[in-house]
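Chemist: Here it is, the structure in full.
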There are 2 protein chains.
Amino acid sequence: MTDRPLIIDGCQYANWSEKIFRQMADSGVSAVHVTICYHEDFRETVENMIDWNRWFERWPDLIIPGRTAEDVRRAHDTGRTAIVFGFQNCAPIEDDIGLVEICHQLGARFMQLSYNNQSLLATGCYEAEDPGITRMGRQVIKEMNRVGLVVDMSHSAERSTLEAIEISERPIAITHANPAAWHPALRNKSDTVLTALAESGGMLGFSMYPHHLKGKSDCTLTEFCDMIARTADLMGVERIGIGSDLCQDQPDSVVEWMRVGRWSKDIDYGEGSASQAGFPPQPSWFNDNRDLPGLADGLRGAGFGAEDVARIMGGNWLAFFERSFGPMGVRT
Amino acid sequence: MTDRPLIIDGCQYANWSEKIFRQMADSGVSAVHVTICYHEDFRETVENMIDWNRWFERWPDLIIPGRTAEDVRRAHDTGRTAIVFGFQNCAPIEDDIGLVEICHQLGARFMQLSYNNQSLLATGCYEAEDPGITRMGRQVIKEMNRVGLVVDMSHSAERSTLEAIEISERPIAITHANPAAWHPALRNKSDTVLTALAESGGMLGFSMYPHHLKGKSDCTLTEFCDMIARTADLMGVERIGIGSDLCQDQPDSVVEWMRVGRWSKDIDYGEGSASQAGFPPQPSWFNDNRDLPGLADGLRGAGFGAEDVARIMGGNWLAFFERSFGPMGVRT
């Protein structure tokens, strides 16, 4: 069983079910960073954790909590999937820095400092102005570094992202985005950001969400993997992985919650439009978790050797988890 | 350092400070079950945990989180005190059984099912009627057993306590109380309860709170230890330990919060009275944590041999922690 290649997905938000857990385990997906919060406050996020606790209790043969790299190795060795909790927004810590450690104790390992909009900590990628990391943001980054909660800037704006890379004493992540030079979406990242991210030892997870793809739903596997090859040239092959942004089996009401939460009475279409308000159709080669192993063929086709394919498919994320999820310099 | 005797206190609620932490470490107190909730709801209890997280960060040479028996051994080996979280009421889980596991994940290891009054789970020792464990109570005991959160019935009524012992699949605890046959306070326990507790493998921690002592503040160490000897005859020497109920450095406003919380607009004096509303004076031989080691002399004076003294002073609690704090039969 341990001869199976290691596959780690750096971001998903599925409508979780036994079917999906079984597809993940059957496809050899050893770890997934799952979103457990978009706009939920602390108490609501705890309720989402309770849902996961029930699923861990119900399907121990398919999924386990993923708090450490060791959990991922154990999942890999036993044909299960380690579930790594992450927040796409800082809403769960409210205005209370003490909740950073509490959330880490409850299993959170990634937290975005902002989601599209301005937050208490940083600016989101859809704001007109980006004043950078806030006073509280600086304190929270230091606390996240201390406990081992990874700063994720996937939905943050350029200046805030560059400042987060600079301020953070530990490498940060952009778990799901692509280079803006390839496809100029507001959610994709400039070469300036990607270079700074790589130089600081951070990680980029490549998104297969159609709005982040050149040609959107029509993007081919070859085009996607050629983009990965060019990004490897820019960032180094150790700094990249998968972050599919897969929203398997989600109804369109969910993308509306992601975009609007409770912050607006008007509809905001985000990367969509009035005529295409829902989830866009997935590219033909990536519909659900069963298509993850096939990415390796695409990477080989783009010229990557076996070792680099293994790094991009999961090895880099595992190494990043290893050095990121534990506390910094604490006496045990 | 490991030659020092092991001292564990099964219940304290001090006005925590560096001074007290240093007294504990200097006196060789290797673990204390500390109360972190009387009437606080989940979110308020989390805030109390945040206070403790700050103290753990600030004084790593004095205190460490106590989540397992191994933590206590580590504290003992390194001259520090392992802090074991407990709730004196079920308020932190609100009406949400999922919060049982969340609280355990955050470090809680003891929870009383009721505190003096009727709760959602069980009846308190000051109610006129005791209908026993409720529907939710049965579910919560099962969940507490599953995750490794110990049922504590220190402030519960007789029938509820006997039913909790019966329903719980794992041994329960009465962390701080004395035999009612010795001193008939409503908070002390009948021989029926103590016998059932012992037969099920549970633990009693002897309280030095004056209202639980024969002669109250005037009770002598000899009288206290003679009572322990008689209780050892009733329950067996493996079923007993210390549970001092020490409220070191607390102002009288705190005992009012314990008694009245937010449940009444009238004052309730609990075990006190209008003329003696505050904390009663401690017995002369037990004023603070520095007096804990001296109990061993009293136990020897009451006829206990060295091995039994070591059990009562800490060995029995350590063995109980070992078999109680982990999950039941979970695939790892």
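Every chain in the structure tokens takes a letter, A first, then B, and so on in the order presented; its residues are numbered from 1, and the ligands are numbered from 1 following the presented order.
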Show which residues sit within 12 Å of B:Cys219, as a ChimeraX atom specification. Count only C-alpha atoms, and ignore same-chain residues fewer than 2 positions away.

Modeler: /B:182-183,208-217,221-227,281-286

Chemist: With 12 Å as the cut-off and only C-alpha atoms counted, what is the closest atom pair between each nearby residue of chain A and chain B? Distances in Å to one decimal, ordered by chain and number, as CSV.

Modeler:
residue,atom,partner,partner_atom,distance
A:Asp41,CA,B:Arg43,CA,11.4
A:Phe42,CA,B:Arg43,CA,8.6
A:Arg43,CA,B:Arg43,CA,7.4
A:Glu44,CA,B:Arg43,CA,11.2
A:Thr45,CA,B:Ile102,CA,11.4
A:Val46,CA,B:Ile102,CA,7.8
A:Glu47,CA,B:Gly98,CA,7.8
A:Asn48,CA,B:Gly98,CA,10.1
A:Met49,CA,B:Ile102,CA,8.1
A:Ile50,CA,B:Gly98,CA,5.5
A:Asp51,CA,B:Gly98,CA,8.2
A:Trp52,CA,B:Gly98,CA,10.2
A:Asn53,CA,B:Glu101,CA,7.9
A:Arg54,CA,B:Gly98,CA,8.2
A:Trp55,CA,B:Gly98,CA,11.8
A:Phe56,CA,B:Val330,CA,10.5
A:Glu57,CA,B:Val330,CA,8.6
A:Arg58,CA,B:Val330,CA,11.2
A:Trp59,CA,B:Arg331,CA,10.6
A:Pro60,CA,B:Arg331,CA,7.0
A:Asp61,CA,B:Arg331,CA,8.5
A:Leu62,CA,B:Arg331,CA,11.4
A:Ile63,CA,B:Thr332,CA,11.0
A:Ile64,CA,B:Thr332,CA,8.6
A:Pro65,CA,B:Thr332,CA,10.3
A:Asp71,CA,B:Thr332,CA,9.8
A:Arg74,CA,B:Thr332,CA,9.0
A:Ala75,CA,B:Thr332,CA,10.0
A:Thr78,CA,B:Thr332,CA,10.4
A:Arg80,CA,B:Thr332,CA,11.6
A:Ile93,CA,B:Val46,CA,11.8
A:Glu94,CA,B:Arg43,CA,11.9
A:Asp96,CA,B:Glu47,CA,9.3
A:Ile97,CA,B:Ile50,CA,9.2
A:Gly98,CA,B:Ile50,CA,5.5
A:Leu99,CA,B:Ile50,CA,7.3
A:Val100,CA,B:Ile50,CA,9.6
A:Glu101,CA,B:Asn53,CA,7.9
A:Ile102,CA,B:Leu106,CA,7.2
A:Cys103,CA,B:Leu106,CA,9.2
A:His104,CA,B:Leu106,CA,9.7
A:Gln105,CA,B:Leu106,CA,6.2
A:Leu106,CA,B:Gln105,CA,6.2
A:Gly107,CA,B:Gln105,CA,8.8
A:Glu143,CA,B:Glu57,CA,11.4
A:Arg146,CA,B:Glu57,CA,10.2
A:Val147,CA,B:Glu57,CA,10.5
A:Pro327,CA,B:Glu57,CA,11.3
A:Met328,CA,B:Glu57,CA,11.6
A:Gly329,CA,B:Glu57,CA,11.3
A:Val330,CA,B:Pro60,CA,8.5
A:Arg331,CA,B:Pro60,CA,7.0
A:Thr332,CA,B:Ile64,CA,8.5

Chemist: Nearest to B:Leu186 among B:Leu113, B:Ile312, B:Val151, B:Cys125, with distances taken over only C-alpha atoms: which residue is it?

Modeler: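 So, comparing all the options, the nearest one is B:Cys125.
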
Chemist: Excluding B:Glu256 and residues on its chain fewer than 5 positions from it, collect all residues at most 9 Å away from it, counting only C-alpha atoms, and give them as a PyMOL selection string.

Modeler: chain B and resi 261+267-270+277-278

Chemist: Any chance you could export the current selection's C-alpha atoms as a JSON list (two decimals), in the first residue's frame?

Modeler:
[["chain", "number", "residue", "atom", "x", "y", "z"],
["B", 261, "GLY", "CA", -23.73, 32.67, 39.13],
["B", 267, "ILE", "CA", -28.23, 35.87, 47.40],
["B", 268, "ASP", "CA", -27.79, 32.19, 48.12],
["B", 269, "TYR", "CA", -25.34, 31.42, 50.92],
["B", 270, "GLY", "CA", -24.74, 27.81, 49.96],
["B", 277, "ALA", "CA", -21.04, 34.86, 53.74],
["B", 278, "GLY", "CA", -17.44, 34.75, 52.53]]

Chemist: Mind checking which residues fall within 8 Å of B:His39, counting only C-alpha atoms, ignoring those fewer than 4 positions away in the same chain, and posting them as an mmCIF file with N, CA and C atoms, in the first residue's frame?

Modeler:
data_model
loop_
_atom_site.group_PDB
_atom_site.id
_atom_site.type_symbol
_atom_site.label_atom_id
_atom_site.label_comp_id
_atom_site.auth_asym_id
_atom_site.auth_seq_id
_atom_site.Cartn_x
_atom_site.Cartn_y
_atom_site.Cartn_z
ATOM 1 N N ASN B 89 -19.430 22.359 36.286
ATOM 2 C CA ASN B 89 -20.812 22.370 35.816
ATOM 3 C C ASN B 89 -20.769 21.980 34.344
ATOM 4 N N ALA B 91 -22.226 23.686 32.041
ATOM 5 C CA ALA B 91 -22.558 24.878 31.260
ATOM 6 C C ALA B 91 -21.756 25.007 29.956
ATOM 7 N N PRO B 92 -20.468 24.627 29.932
ATOM 8 C CA PRO B 92 -19.692 24.822 28.699
ATOM 9 C C PRO B 92 -20.201 24.015 27.502
ATOM 10 N N MET B 258 -19.598 31.565 42.592
ATOM 11 C CA MET B 258 -19.773 30.109 42.596
ATOM 12 C C MET B 258 -21.205 29.744 42.973
ATOM 13 N N GLY B 261 -23.901 32.544 40.578
ATOM 14 C CA GLY B 261 -23.728 32.672 39.127
ATOM 15 C C GLY B 261 -24.636 33.747 38.577
ATOM 16 N N ARG B 262 -25.444 33.362 37.579
ATOM 17 C CA ARG B 262 -26.448 34.279 37.026
ATOM 18 C C ARG B 262 -27.836 33.695 37.163
#

Chemist: Separation of atom CA of A:Ile242 and atom CA of A:Glu70, in Å?

Modeler: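 Pair atom CA of A:Ile242 / atom CA of A:Glu70 returns 19.6 Å.
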
Chemist: Using the chain letters and numbers from this document, which residues of stretch 121-257 of chain A does DSSP assign to alpha helix (DSSP H), as a PDB file with N, CA and C atoms, in the first residue's frame?

Modeler:
ATOM      1  N   ARG A 135      -2.597  46.654  12.120  1.00  0.00           N
ATOM      2  CA  ARG A 135      -1.957  46.499  13.432  1.00  0.00           C
ATOM      3  C   ARG A 135      -2.268  45.128  14.029  1.00  0.00           C
ATOM      4  N   MET A 136      -3.556  44.761  14.022  1.00  0.00           N
ATOM      5  CA  MET A 136      -3.902  43.442  14.564  1.00  0.00           C
ATOM      6  C   MET A 136      -3.290  42.344  13.702  1.00  0.00           C
ATOM      7  N   GLY A 137      -3.256  42.576  12.382  1.00  0.00           N
ATOM      8  CA  GLY A 137      -2.688  41.585  11.470  1.00  0.00           C
ATOM      9  C   GLY A 137      -1.251  41.221  11.834  1.00  0.00           C
ATOM     10  N   ARG A 138      -0.448  42.227  12.183  1.00  0.00           N
ATOM     11  CA  ARG A 138       0.946  41.953  12.561  1.00  0.00           C
ATOM     12  C   ARG A 138       1.021  41.084  13.807  1.00  0.00           C
ATOM     13  N   GLN A 139       0.152  41.388  14.790  1.00  0.00           N
ATOM     14  CA  GLN A 139       0.127  40.598  16.026  1.00  0.00           C
ATOM     15  C   GLN A 139      -0.316  39.165  15.749  1.00  0.00           C
ATOM     16  N   VAL A 140      -1.321  39.034  14.867  1.00  0.00           N
ATOM     17  CA  VAL A 140      -1.876  37.699  14.604  1.00  0.00           C
ATOM     18  C   VAL A 140      -0.883  36.851  13.804  1.00  0.00           C
ATOM     19  N   ILE A 141      -0.167  37.457  12.863  1.00  0.00           N
ATOM     20  CA  ILE A 141       0.847  36.694  12.118  1.00  0.00           C
ATOM     21  C   ILE A 141       1.891  36.140  13.087  1.00  0.00           C
ATOM     22  N   LYS A 142       2.321  36.979  14.048  1.00  0.00           N
ATOM     23  CA  LYS A 142       3.318  36.528  15.032  1.00  0.00           C
ATOM     24  C   LYS A 142       2.772  35.351  15.848  1.00  0.00           C
ATOM     25  N   GLU A 143       1.499  35.462  16.232  1.00  0.00           N
ATOM     26  CA  GLU A 143       0.885  34.397  17.032  1.00  0.00           C
ATOM     27  C   GLU A 143       0.690  33.127  16.186  1.00  0.00           C
ATOM     28  N   MET A 144       0.297  33.291  14.909  1.00  0.00           N
ATOM     29  CA  MET A 144       0.154  32.131  14.020  1.00  0.00           C
ATOM     30  C   MET A 144       1.508  31.439  13.858  1.00  0.00           C
ATOM     31  N   ASN A 145       2.558  32.215  13.691  1.00  0.00           N
ATOM     32  CA  ASN A 145       3.918  31.654  13.613  1.00  0.00           C
ATOM     33  C   ASN A 145       4.239  30.853  14.866  1.00  0.00           C
ATOM     34  N   ARG A 146       3.888  31.408  16.022  1.00  0.00           N
ATOM     35  CA  ARG A 146       4.237  30.767  17.294  1.00  0.00           C
ATOM     36  C   ARG A 146       3.588  29.395  17.446  1.00  0.00           C
ATOM     37  N   VAL A 147       2.281  29.321  17.104  1.00  0.00           N
ATOM     38  CA  VAL A 147       1.564  28.069  17.374  1.00  0.00           C
ATOM     39  C   VAL A 147       1.641  27.077  16.222  1.00  0.00           C
ATOM     40  N   GLU A 158      -2.480  42.296  -3.335  1.00  0.00           N
ATOM     41  CA  GLU A 158      -1.027  42.218  -3.614  1.00  0.00           C
ATOM     42  C   GLU A 158      -0.142  42.754  -2.481  1.00  0.00           C
ATOM     43  N   ARG A 159      -0.398  44.010  -2.071  1.00  0.00           N
ATOM     44  CA  ARG A 159       0.486  44.586  -1.048  1.00  0.00           C
ATOM     45  C   ARG A 159       0.402  43.819   0.272  1.00  0.00           C
ATOM     46  N   SER A 160      -0.849  43.495   0.656  1.00  0.00           N
ATOM     47  CA  SER A 160      -1.026  42.720   1.893  1.00  0.00           C
ATOM     48  C   SER A 160      -0.264  41.401   1.811  1.00  0.00           C
ATOM     49  N   THR A 161      -0.296  40.778   0.641  1.00  0.00           N
ATOM     50  CA  THR A 161       0.375  39.484   0.479  1.00  0.00           C
ATOM     51  C   THR A 161       1.885  39.641   0.600  1.00  0.00           C
ATOM     52  N   LEU A 162       2.421  40.645  -0.076  1.00  0.00           N
ATOM     53  CA  LEU A 162       3.871  40.869  -0.002  1.00  0.00           C
ATOM     54  C   LEU A 162       4.296  41.189   1.432  1.00  0.00           C
ATOM     55  N   GLU A 163       3.475  41.967   2.135  1.00  0.00           N
ATOM     56  CA  GLU A 163       3.806  42.298   3.525  1.00  0.00           C
ATOM     57  C   GLU A 163       3.713  41.067   4.431  1.00  0.00           C
ATOM     58  N   ALA A 164       2.714  40.224   4.173  1.00  0.00           N
ATOM     59  CA  ALA A 164       2.574  39.007   4.992  1.00  0.00           C
ATOM     60  C   ALA A 164       3.806  38.120   4.819  1.00  0.00           C
ATOM     61  N   ILE A 165       4.278  38.000   3.576  1.00  0.00           N
ATOM     62  CA  ILE A 165       5.488  37.198   3.315  1.00  0.00           C
ATOM     63  C   ILE A 165       6.666  37.776   4.088  1.00  0.00           C
ATOM     64  N   GLU A 166       6.741  39.111   4.098  1.00  0.00           N
ATOM     65  CA  GLU A 166       7.852  39.808   4.756  1.00  0.00           C
ATOM     66  C   GLU A 166       7.770  39.688   6.285  1.00  0.00           C
ATOM     67  N   ILE A 167       6.566  39.892   6.813  1.00  0.00           N
ATOM     68  CA  ILE A 167       6.392  39.924   8.278  1.00  0.00           C
ATOM     69  C   ILE A 167       6.481  38.529   8.894  1.00  0.00           C
ATOM     70  N   ASP A 191       3.890  37.769 -10.773  1.00  0.00           N
ATOM     71  CA  ASP A 191       5.212  37.144 -10.659  1.00  0.00           C
ATOM     72  C   ASP A 191       5.981  37.713  -9.462  1.00  0.00           C
ATOM     73  N   THR A 192       5.718  38.978  -9.135  1.00  0.00           N
ATOM     74  CA  THR A 192       6.366  39.581  -7.959  1.00  0.00           C
ATOM     75  C   THR A 192       6.000  38.806  -6.694  1.00  0.00           C
ATOM     76  N   VAL A 193       4.705  38.535  -6.535  1.00  0.00           N
ATOM     77  CA  VAL A 193       4.249  37.776  -5.367  1.00  0.00           C
ATOM     78  C   VAL A 193       4.820  36.361  -5.397  1.00  0.00           C
ATOM     79  N   LEU A 194       4.742  35.720  -6.562  1.00  0.00           N
ATOM     80  CA  LEU A 194       5.181  34.317  -6.638  1.00  0.00           C
ATOM     81  C   LEU A 194       6.680  34.195  -6.365  1.00  0.00           C
ATOM     82  N   THR A 195       7.450  35.152  -6.830  1.00  0.00           N
ATOM     83  CA  THR A 195       8.893  35.123  -6.589  1.00  0.00           C
ATOM     84  C   THR A 195       9.198  35.320  -5.099  1.00  0.00           C
ATOM     85  N   ALA A 196       8.524  36.310  -4.489  1.00  0.00           N
ATOM     86  CA  ALA A 196       8.742  36.558  -3.053  1.00  0.00           C
ATOM     87  C   ALA A 196       8.313  35.342  -2.236  1.00  0.00           C
ATOM     88  N   LEU A 197       7.197  34.744  -2.624  1.00  0.00           N
ATOM     89  CA  LEU A 197       6.698  33.549  -1.934  1.00  0.00           C
ATOM     90  C   LEU A 197       7.740  32.437  -1.990  1.00  0.00           C
ATOM     91  N   ALA A 198       8.268  32.201  -3.191  1.00  0.00           N
ATOM     92  CA  ALA A 198       9.247  31.120  -3.370  1.00  0.00           C
ATOM     93  C   ALA A 198      10.519  31.409  -2.586  1.00  0.00           C
ATOM     94  N   GLU A 199      10.983  32.645  -2.647  1.00  0.00           N
ATOM     95  CA  GLU A 199      12.246  32.978  -1.967  1.00  0.00           C
ATOM     96  C   GLU A 199      12.150  32.822  -0.457  1.00  0.00           C
ATOM     97  N   LEU A 221      -5.696  19.874 -20.065  1.00  0.00           N
ATOM     98  CA  LEU A 221      -4.711  19.376 -19.102  1.00  0.00           C
ATOM     99  C   LEU A 221      -3.301  19.761 -19.547  1.00  0.00           C
ATOM    100  N   THR A 222      -3.067  19.714 -20.855  1.00  0.00           N
ATOM    101  CA  THR A 222      -1.739  20.075 -21.379  1.00  0.00           C
ATOM    102  C   THR A 222      -1.415  21.535 -21.086  1.00  0.00           C
ATOM    103  N   GLU A 223      -2.401  22.423 -21.348  1.00  0.00           N
ATOM    104  CA  GLU A 223      -2.173  23.851 -21.078  1.00  0.00           C
ATOM    105  C   GLU A 223      -1.912  24.077 -19.583  1.00  0.00           C
ATOM    106  N   PHE A 224      -2.698  23.393 -18.734  1.00  0.00           N
ATOM    107  CA  PHE A 224      -2.548  23.538 -17.280  1.00  0.00           C
ATOM    108  C   PHE A 224      -1.144  23.092 -16.837  1.00  0.00           C
ATOM    109  N   CYS A 225      -0.718  21.961 -17.370  1.00  0.00           N
ATOM    110  CA  CYS A 225       0.574  21.423 -16.920  1.00  0.00           C
ATOM    111  C   CYS A 225       1.745  22.193 -17.529  1.00  0.00           C
ATOM    112  N   ASP A 226       1.567  22.744 -18.723  1.00  0.00           N
ATOM    113  CA  ASP A 226       2.615  23.616 -19.276  1.00  0.00           C
ATOM    114  C   ASP A 226       2.776  24.863 -18.395  1.00  0.00           C
ATOM    115  N   MET A 227       1.643  25.409 -17.904  1.00  0.00           N
ATOM    116  CA  MET A 227       1.700  26.555 -16.981  1.00  0.00           C
ATOM    117  C   MET A 227       2.478  26.165 -15.711  1.00  0.00           C
ATOM    118  N   ILE A 228       2.232  24.953 -15.214  1.00  0.00           N
ATOM    119  CA  ILE A 228       2.953  24.490 -14.014  1.00  0.00           C
ATOM    120  C   ILE A 228       4.453  24.430 -14.299  1.00  0.00           C
ATOM    121  N   ALA A 229       4.806  23.960 -15.484  1.00  0.00           N
ATOM    122  CA  ALA A 229       6.236  23.860 -15.833  1.00  0.00           C
ATOM    123  C   ALA A 229       6.875  25.246 -15.854  1.00  0.00           C
ATOM    124  N   ARG A 230       6.153  26.227 -16.419  1.00  0.00           N
ATOM    125  CA  ARG A 230       6.730  27.582 -16.462  1.00  0.00           C
ATOM    126  C   ARG A 230       6.832  28.170 -15.049  1.00  0.00           C
ATOM    127  N   THR A 231       5.850  27.847 -14.192  1.00  0.00           N
ATOM    128  CA  THR A 231       5.894  28.354 -12.811  1.00  0.00           C
ATOM    129  C   THR A 231       7.019  27.689 -12.021  1.00  0.00           C
ATOM    130  N   ALA A 232       7.285  26.426 -12.338  1.00  0.00           N
ATOM    131  CA  ALA A 232       8.415  25.744 -11.691  1.00  0.00           C
ATOM    132  C   ALA A 232       9.719  26.450 -12.047  1.00  0.00           C
ATOM    133  N   ASP A 233       9.807  26.907 -13.303  1.00  0.00           N
ATOM    134  CA  ASP A 233      11.017  27.654 -13.697  1.00  0.00           C
ATOM    135  C   ASP A 233      11.144  28.939 -12.872  1.00  0.00           C
ATOM    136  N   LEU A 234       9.996  29.592 -12.604  1.00  0.00           N
ATOM    137  CA  LEU A 234      10.009  30.851 -11.855  1.00  0.00           C
ATOM    138  C   LEU A 234      10.276  30.635 -10.369  1.00  0.00           C
ATOM    139  N   MET A 235       9.589  29.654  -9.782  1.00  0.00           N
ATOM    140  CA  MET A 235       9.576  29.506  -8.312  1.00  0.00           C
ATOM    141  C   MET A 235      10.502  28.404  -7.798  1.00  0.00           C
ATOM    142  N   ASP A 252     -25.351  25.580  -6.197  1.00  0.00           N
ATOM    143  CA  ASP A 252     -24.956  26.963  -6.491  1.00  0.00           C
ATOM    144  C   ASP A 252     -25.189  27.911  -5.310  1.00  0.00           C
ATOM    145  N   SER A 253     -26.083  27.536  -4.397  1.00  0.00           N
ATOM    146  CA  SER A 253     -26.311  28.399  -3.232  1.00  0.00           C
ATOM    147  C   SER A 253     -25.019  28.586  -2.437  1.00  0.00           C
ATOM    148  N   VAL A 254     -24.130  27.614  -2.537  1.00  0.00           N
ATOM    149  CA  VAL A 254     -22.892  27.674  -1.758  1.00  0.00           C
ATOM    150  C   VAL A 254     -21.929  28.716  -2.303  1.00  0.00           C
ATOM    151  N   VAL A 255     -21.864  28.850  -3.634  1.00  0.00           N
ATOM    152  CA  VAL A 255     -20.952  29.860  -4.182  1.00  0.00           C
ATOM    153  C   VAL A 255     -21.474  31.257  -3.834  1.00  0.00           C
ATOM    154  N   GLU A 256     -22.790  31.383  -3.691  1.00  0.00           N
ATOM    155  CA  GLU A 256     -23.345  32.670  -3.266  1.00  0.00           C
ATOM    156  C   GLU A 256     -22.937  32.970  -1.820  1.00  0.00           C
ATOM    157  N   TRP A 257     -22.984  31.961  -0.947  1.00  0.00           N
ATOM    158  CA  TRP A 257     -22.528  32.127   0.445  1.00  0.00           C
ATOM    159  C   TRP A 257     -21.050  32.527   0.486  1.00  0.00           C
TER     160      TRP A 257
END

Chemist: Please list as a PyMOL selection string every residue within 7 Å of B:Gln23, counting only C-alpha atoms and excluding residues in the same chain fewer than 4 positions away.

Modeler: chain B and resi 19+27+289-290

Chemist: Find the residue from B:Ile7, B:Ile133, B:Ala185, B:Val34 that sits nearest to B:Cys247; use only C-alpha atoms when measuring.

Modeler: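 The shortest atom-to-atom distance to B:Cys247 comes from B:Val34.
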
Chemist: DSSP on the backbone, strand (DSSP E or B) only: what residues of stretch 7-183 of chain A does that give? Format it as a PDB file with C-alpha atoms, in the first residue's frame.

Modeler:
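Below is the file that was written, part18.pdb:
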ATOM      1  CA  ILE A   7      -1.226  12.667  -3.418  1.00  0.00           C
ATOM      2  CA  ILE A   8      -2.063  15.811  -1.406  1.00  0.00           C
ATOM      3  CA  ASP A   9      -4.613  18.427  -2.413  1.00  0.00           C
ATOM      4  CA  GLY A  10      -3.910  21.865  -0.945  1.00  0.00           C
ATOM      5  CA  CYS A  11      -7.524  23.081  -1.011  1.00  0.00           C
ATOM      6  CA  GLN A  12     -11.031  21.654  -1.400  1.00  0.00           C
ATOM      7  CA  VAL A  29      -5.516  10.919  -1.937  1.00  0.00           C
ATOM      8  CA  SER A  30      -3.562  10.886   1.350  1.00  0.00           C
ATOM      9  CA  ALA A  31      -4.358  14.407   2.526  1.00  0.00           C
ATOM     10  CA  VAL A  32      -6.701  17.249   1.676  1.00  0.00           C
ATOM     11  CA  HIS A  33      -6.657  20.729   3.162  1.00  0.00           C
ATOM     12  CA  VAL A  34     -10.399  21.256   3.580  1.00  0.00           C
ATOM     13  CA  THR A  35     -12.092  24.610   4.071  1.00  0.00           C
ATOM     14  CA  ILE A  36     -14.202  24.638   7.225  1.00  0.00           C
ATOM     15  CA  CYS A  37     -14.998  28.358   7.270  1.00  0.00           C
ATOM     16  CA  ILE A  63     -10.666   9.618   6.972  1.00  0.00           C
ATOM     17  CA  ILE A  64      -8.561  10.714   9.938  1.00  0.00           C
ATOM     18  CA  PRO A  65      -7.786  14.140  11.429  1.00  0.00           C
ATOM     19  CA  THR A  81      -7.207  10.461   3.787  1.00  0.00           C
ATOM     20  CA  ALA A  82      -5.899  12.904   6.404  1.00  0.00           C
ATOM     21  CA  ILE A  83      -8.198  15.917   6.667  1.00  0.00           C
ATOM     22  CA  VAL A  84      -6.371  19.188   7.368  1.00  0.00           C
ATOM     23  CA  PHE A  85      -8.643  22.014   8.575  1.00  0.00           C
ATOM     24  CA  GLY A  86      -8.332  25.495   7.129  1.00  0.00           C
ATOM     25  CA  PHE A  87     -10.211  28.807   7.206  1.00  0.00           C
ATOM     26  CA  ALA A 108      -6.874  24.337  12.210  1.00  0.00           C
ATOM     27  CA  ARG A 109      -3.624  24.468  10.230  1.00  0.00           C
ATOM     28  CA  PHE A 110      -4.283  27.154   7.572  1.00  0.00           C
ATOM     29  CA  MET A 111      -5.960  30.540   7.911  1.00  0.00           C
ATOM     30  CA  GLN A 112      -6.395  33.152   5.195  1.00  0.00           C
ATOM     31  CA  GLY A 124      -8.847  41.118   0.060  1.00  0.00           C
ATOM     32  CA  VAL A 150      -0.070  28.691   8.394  1.00  0.00           C
ATOM     33  CA  VAL A 151      -0.766  32.119   6.881  1.00  0.00           C
ATOM     34  CA  ASP A 152      -2.666  31.608   3.604  1.00  0.00           C
ATOM     35  CA  SER A 156      -5.718  38.570  -0.384  1.00  0.00           C
ATOM     36  CA  ALA A 173       1.174  29.547   1.556  1.00  0.00           C
ATOM     37  CA  ILE A 174      -1.071  30.511  -1.299  1.00  0.00           C
ATOM     38  CA  PRO A 179      -0.010  32.939 -12.005  1.00  0.00           C
TER      39      PRO A 179
END

Chemist: What does the structure give for the distance between atom CA of B:Arg311 and atom CA of B:Glu238, in Å to one decimal?

Modeler: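 Atom CA of B:Glu238 lies 6.8 Å from atom CA of B:Arg311.
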
Chemist: So, with only C-alpha atoms as the atoms that count, which of A:Asn117, A:Glu307, A:Ser264, A:Ala180 lies closest to A:His155?

Modeler: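 Of the candidates, the smallest distance to A:His155 is held by A:Asn117.
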
Chemist: If I take atom CA of A:Thr68 and atom CA of A:Glu322, how far is one from the other in Å, to one decimal?

Modeler: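 Computed distance, atom CA of A:Thr68 to atom CA of A:Glu322, equals 6.8 Å.
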